[in-house]
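model-v5.txt follows (compact mmCIF, C-alpha atoms):
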# COMPACT_ATOMS: atom_id res chain seq x y z
CA PRO A 1 36.25 45.30 25.47
CA PRO A 2 33.61 44.88 22.74
CA PRO A 3 33.49 41.54 20.97
CA GLU A 4 35.59 41.19 17.83
CA THR A 5 33.34 41.50 14.78
CA GLY A 6 35.94 40.97 12.11
CA ALA A 7 34.99 44.32 10.56
CA PRO A 8 37.71 46.96 10.43
CA ASP A 9 37.40 49.89 12.81
CA ILE A 10 36.82 52.54 10.17
CA ALA A 11 35.38 55.25 12.39
CA GLY A 12 38.86 56.39 13.45
CA LEU A 13 40.24 56.55 9.92
CA PRO A 14 40.91 59.84 8.13
CA PRO A 15 37.97 60.79 5.85
CA ALA A 16 39.56 59.67 2.56
CA GLU A 17 40.62 56.31 4.01
CA ARG A 18 37.23 55.87 5.66
CA ALA A 19 35.46 56.52 2.32
CA ALA A 20 37.76 54.03 0.58
CA ALA A 21 37.09 51.40 3.26
CA ILE A 22 33.33 51.89 2.97
CA ASP A 23 33.50 51.68 -0.83
CA ALA A 24 35.53 48.46 -0.49
CA MET A 25 32.96 46.94 1.88
CA VAL A 26 30.09 47.85 -0.46
CA ALA A 27 32.00 46.45 -3.45
CA GLY A 28 32.64 43.27 -1.45
CA LEU A 29 28.94 42.93 -0.72
CA ALA A 30 28.08 43.45 -4.39
CA ALA A 31 30.64 40.79 -5.37
CA ARG A 32 29.27 38.38 -2.76
CA LEU A 33 25.77 38.84 -4.20
CA GLU A 34 27.02 37.83 -7.64
CA GLY A 35 27.78 34.43 -6.15
CA ASN A 36 24.65 34.30 -4.00
CA PRO A 37 22.00 36.28 -5.91
CA ASP A 38 19.09 34.95 -3.84
CA ASP A 39 20.32 36.66 -0.66
CA VAL A 40 17.40 39.03 -0.12
CA GLU A 41 18.92 40.54 3.03
CA GLY A 42 22.13 41.17 1.09
CA TRP A 43 20.24 43.04 -1.64
CA ARG A 44 18.47 45.07 1.04
CA MET A 45 21.79 45.99 2.64
CA LEU A 46 23.35 46.82 -0.73
CA ALA A 47 20.39 49.01 -1.76
CA ARG A 48 20.55 50.93 1.51
CA SER A 49 24.32 51.26 1.31
CA TYR A 50 24.20 52.66 -2.20
CA ALA A 51 21.47 55.12 -1.16
CA VAL A 52 23.53 56.37 1.78
CA LEU A 53 26.50 56.82 -0.54
CA GLY A 54 24.33 58.82 -2.96
CA ARG A 55 24.66 56.18 -5.66
CA LEU A 56 20.96 56.29 -6.43
CA GLU A 57 20.89 54.44 -9.77
CA GLU A 58 22.77 51.56 -8.16
CA SER A 59 20.47 51.67 -5.15
CA ALA A 60 17.43 51.46 -7.42
CA GLY A 61 19.02 48.49 -9.21
CA ALA A 62 19.64 46.70 -5.92
CA TYR A 63 16.03 47.30 -4.84
CA ARG A 64 14.88 45.90 -8.20
CA ALA A 65 17.01 42.81 -7.56
CA LEU A 66 15.49 42.47 -4.09
CA PHE A 67 11.93 42.79 -5.45
CA ALA A 68 12.69 40.23 -8.15
CA ARG A 69 13.35 37.76 -5.35
CA ALA A 70 10.87 38.80 -2.64
CA ALA A 71 7.87 41.04 -2.08
CA GLY A 72 9.95 43.28 0.16
CA LEU A 73 9.11 44.90 3.45
CA PRO A 74 7.16 48.15 3.66
CA GLU A 75 10.42 49.92 4.57
CA ASP A 76 12.01 48.56 1.37
CA HIS A 77 9.19 50.06 -0.67
CA ARG A 78 9.36 53.35 1.26
CA SER A 79 13.10 53.61 0.62
CA PHE A 80 12.71 52.63 -3.04
CA VAL A 81 10.09 55.35 -3.52
CA GLY A 82 12.48 57.84 -1.97
CA VAL A 83 15.29 56.77 -4.30
CA LEU A 84 13.02 56.92 -7.35
CA ALA A 85 11.67 60.33 -6.35
CA SER A 86 15.24 61.60 -6.03
CA LEU A 87 16.10 60.25 -9.48
CA GLY A 88 13.08 61.96 -11.03
CA PRO A 89 10.76 60.86 -13.82
CA GLY A 90 11.72 58.70 -16.77
CA ASP A 91 12.95 55.22 -17.58
CA GLY A 92 9.75 53.59 -16.29
CA ARG A 93 10.32 54.84 -12.76
CA GLU A 94 6.77 56.20 -12.48
CA ALA A 95 5.27 52.70 -12.80
CA GLU A 96 7.78 51.30 -10.30
CA MET A 97 6.99 54.12 -7.92
CA ARG A 98 3.26 53.48 -8.19
CA ALA A 99 3.80 49.76 -7.58
CA SER A 100 5.80 50.44 -4.42
CA VAL A 101 3.29 53.04 -3.21
CA ASP A 102 0.55 50.45 -3.80
CA ALA A 103 2.56 47.91 -1.75
CA LEU A 104 2.83 50.47 1.07
CA HIS A 105 -0.90 51.17 0.89
CA ASP A 106 -1.70 47.44 0.86
CA ALA A 107 0.45 46.93 3.96
CA ASN A 108 -1.10 49.93 5.72
CA PRO A 109 -3.97 51.92 4.15
CA ASN A 110 -2.98 54.88 6.36
CA ASP A 111 0.71 54.90 5.45
CA PRO A 112 1.59 58.61 5.17
CA MET A 113 3.83 58.20 2.13
CA ALA A 114 1.18 56.16 0.31
CA LEU A 115 -1.52 58.69 1.16
CA TYR A 116 0.65 61.59 0.02
CA PHE A 117 1.54 60.11 -3.36
CA ARG A 118 -1.93 58.71 -4.01
CA GLY A 119 -3.33 62.18 -3.33
CA LEU A 120 -0.76 63.75 -5.62
CA TRP A 121 -1.59 61.35 -8.45
CA ALA A 122 -5.35 61.70 -7.93
CA ARG A 123 -5.01 65.48 -8.17
CA ALA A 124 -2.90 65.16 -11.33
CA ASP A 125 -5.57 62.87 -12.80
CA GLY A 126 -8.26 65.46 -12.01
CA ASP A 127 -9.90 63.36 -9.28
CA ILE A 128 -10.25 66.20 -6.77
CA GLU A 129 -12.49 64.24 -4.41
CA ALA A 130 -10.03 61.34 -4.13
CA ALA A 131 -7.08 63.71 -3.71
CA ALA A 132 -8.84 65.57 -0.90
CA ASP A 133 -9.75 62.26 0.74
CA TYR A 134 -6.19 60.91 0.61
CA TRP A 135 -4.73 64.12 1.98
CA SER A 136 -7.40 64.43 4.68
CA ARG A 137 -6.48 60.91 5.79
CA LEU A 138 -2.83 61.95 5.66
CA LEU A 139 -3.58 64.82 8.04
CA GLU A 140 -5.19 62.33 10.44
CA ALA A 141 -2.05 60.17 10.29
CA LEU A 142 0.43 63.03 10.78
CA PRO A 143 1.49 64.28 14.19
CA ALA A 144 0.03 67.65 15.15
CA ASP A 145 3.46 69.27 14.97
CA ALA A 146 4.52 67.77 11.60
CA PRO A 147 6.33 70.50 9.63
CA VAL A 148 4.49 69.59 6.41
CA ARG A 149 1.06 69.88 8.05
CA PRO A 150 0.31 73.52 7.02
CA GLU A 151 1.04 72.76 3.36
CA ILE A 152 -1.19 69.68 3.36
CA GLU A 153 -3.98 71.58 5.17
CA ALA A 154 -3.78 74.36 2.56
CA ALA A 155 -3.84 71.81 -0.27
CA VAL A 156 -6.93 70.10 1.19
CA ALA A 157 -8.70 73.44 1.64
CA GLU A 158 -7.90 74.34 -1.97
CA LEU A 159 -9.15 70.97 -3.20
CA ARG A 160 -12.34 71.24 -1.14
CA ALA A 161 -12.94 74.73 -2.63
CA ASP A 162 -12.35 73.30 -6.11
CA GLU A 163 -14.90 70.55 -5.46
CA GLY A 164 -17.63 73.13 -5.08
CA ALA A 165 -16.58 75.27 -8.05
CA PRO A 166 -18.50 74.99 -11.30
CA PRO A 167 -16.65 73.08 -14.05
CA GLY A 168 -14.05 75.13 -15.87
CA GLU A 169 -13.40 77.55 -13.02
Write the structure described by the file as structure tokens, please.
Amino acid sequence: PPPETGAPDIAGLPPAERAAAIDAMVAGLAARLEGNPDDVEGWRMLARSYAVLGRLEESAGAYRALFARAAGLPEDHRSFVGVLASLGPGDGREAEMRASVDALHDANPNDPMALYFRGLWARADGDIEAAADYWSRLLEALPADAPVRPEIEAAVAELRADEGAPPGE
């Protein structure tokens, strides 16, 4: 038999009971962090748990608490960007998103998420050359069969065509 973990076997519970048990575990973790707020791994687990439960505002708050205590791992920043993107613009999220994308880029200059968002922002800022460069590098980083590849290729081709167009066209 598997070793006893002390955690309840919730997989066999009916859906409503399973959801209640998961909510209770997440609430217990949140309460534990109130007494031990410097537990970076606890904040990471809470942020991920909230995200899985679709509680995105709470997930973002837990990631903020994590980042207030530690630089965070690249995966923390990647997940935080995903949460912020799902929440949409406003409430200062754009600056937080840029900071996490910068952390991803600093950790790996060829990180696909960092390249995508940096290209998006460069295009929005009118820096066509930088946008095309970021997205060309993204294409190099993506697998040949990546589903998003045709859209990125088309965007790069459009940007490259725009580079050669006279101003105002």
Any idea what the distance is between CA of Pro112 (chain A) and CA of Met97 (chain A)?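 Separation of CA of Pro112 (chain A) and CA of Met97 (chain A): 14.9 Å.
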Please determine, counting all atoms listed in the file, which residue among A:Tyr116, A:Tyr50, A:Trp121, A:Phe67 has the shortest atom-to-atom distance to Pro37 (chain A).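 Checking each of A:Tyr116, A:Tyr50, A:Trp121, A:Phe67 against Pro37 (chain A), counting all atoms listed in the file, the winner is A:Phe67.
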Length of the CA of Tyr63 (chain A) to CA of Gly90 (chain A) vector [Å]: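 Straight-line distance from CA of Tyr63 (chain A) to CA of Gly90 (chain A) works out to 17.1 Å.
For region 104-107 of chain A, the residues within 8 Å (counting all atoms listed in the file, excluding itself and residues fewer than 4 positions away along the chain) are Pro74, His77, Arg78, Ser100, Asp111, Met113, Ala114 and Leu115 of chain A.
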Work out how far CA of Ala161 (chain A) is from CA of Ala131 (chain A), in Å to one decimal.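 One can read the CA of Ala131 (chain A) to CA of Ala161 (chain A) distance as 12.5 Å.
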For Ala122 (chain A): contacts at 12 Å, all atoms listed in the file, fewer than 2 positions along chain excluded, given as a list in words: Arg98, Ala114, Leu115, Tyr116, Phe117, Arg118, Gly119, Leu120, Ala124, Asp125, Gly126, Asp127, Ile128, Glu129, Ala130, Ala131, Ala132, Asp133, Tyr134, Trp135 and Leu159 of chain A
From A:Val156, A:Ala51, A:Leu84, A:Val40, residue lying nearest Ala70 (chain A) [all atoms listed in the file]: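 The shortest atom-to-atom distance to Ala70 (chain A) comes from A:Val40.
Considering all atoms listed in the file, the residue among A:Ala99, A:Arg123, A:Trp43, A:Ala157 positioned nearest to Glu58 (chain A) is A:Trp43.
Counting only C-alpha atoms, the residue from A:Ala103, A:Asp23, A:Arg69, A:Asp162 that sits nearest to Asp39 (chain A) is A:Arg69.
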With all atoms listed in the file as the counted atoms, please give the residues lying no more than 10 Å from Leu29 (chain A), apart from itself and same-chain residues fewer than 5 positions off, as JSON, numbers by chain. {"A": [23, 24, 34, 42, 43, 45, 46, 49]}
Have a look at A:Ser79, A:Ser59, A:Ser136, A:Asn110 and name the one nearest to Val26 (chain A); count all atoms listed in the file.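 Among the listed residues, A:Ser59 lies closest to Val26 (chain A).
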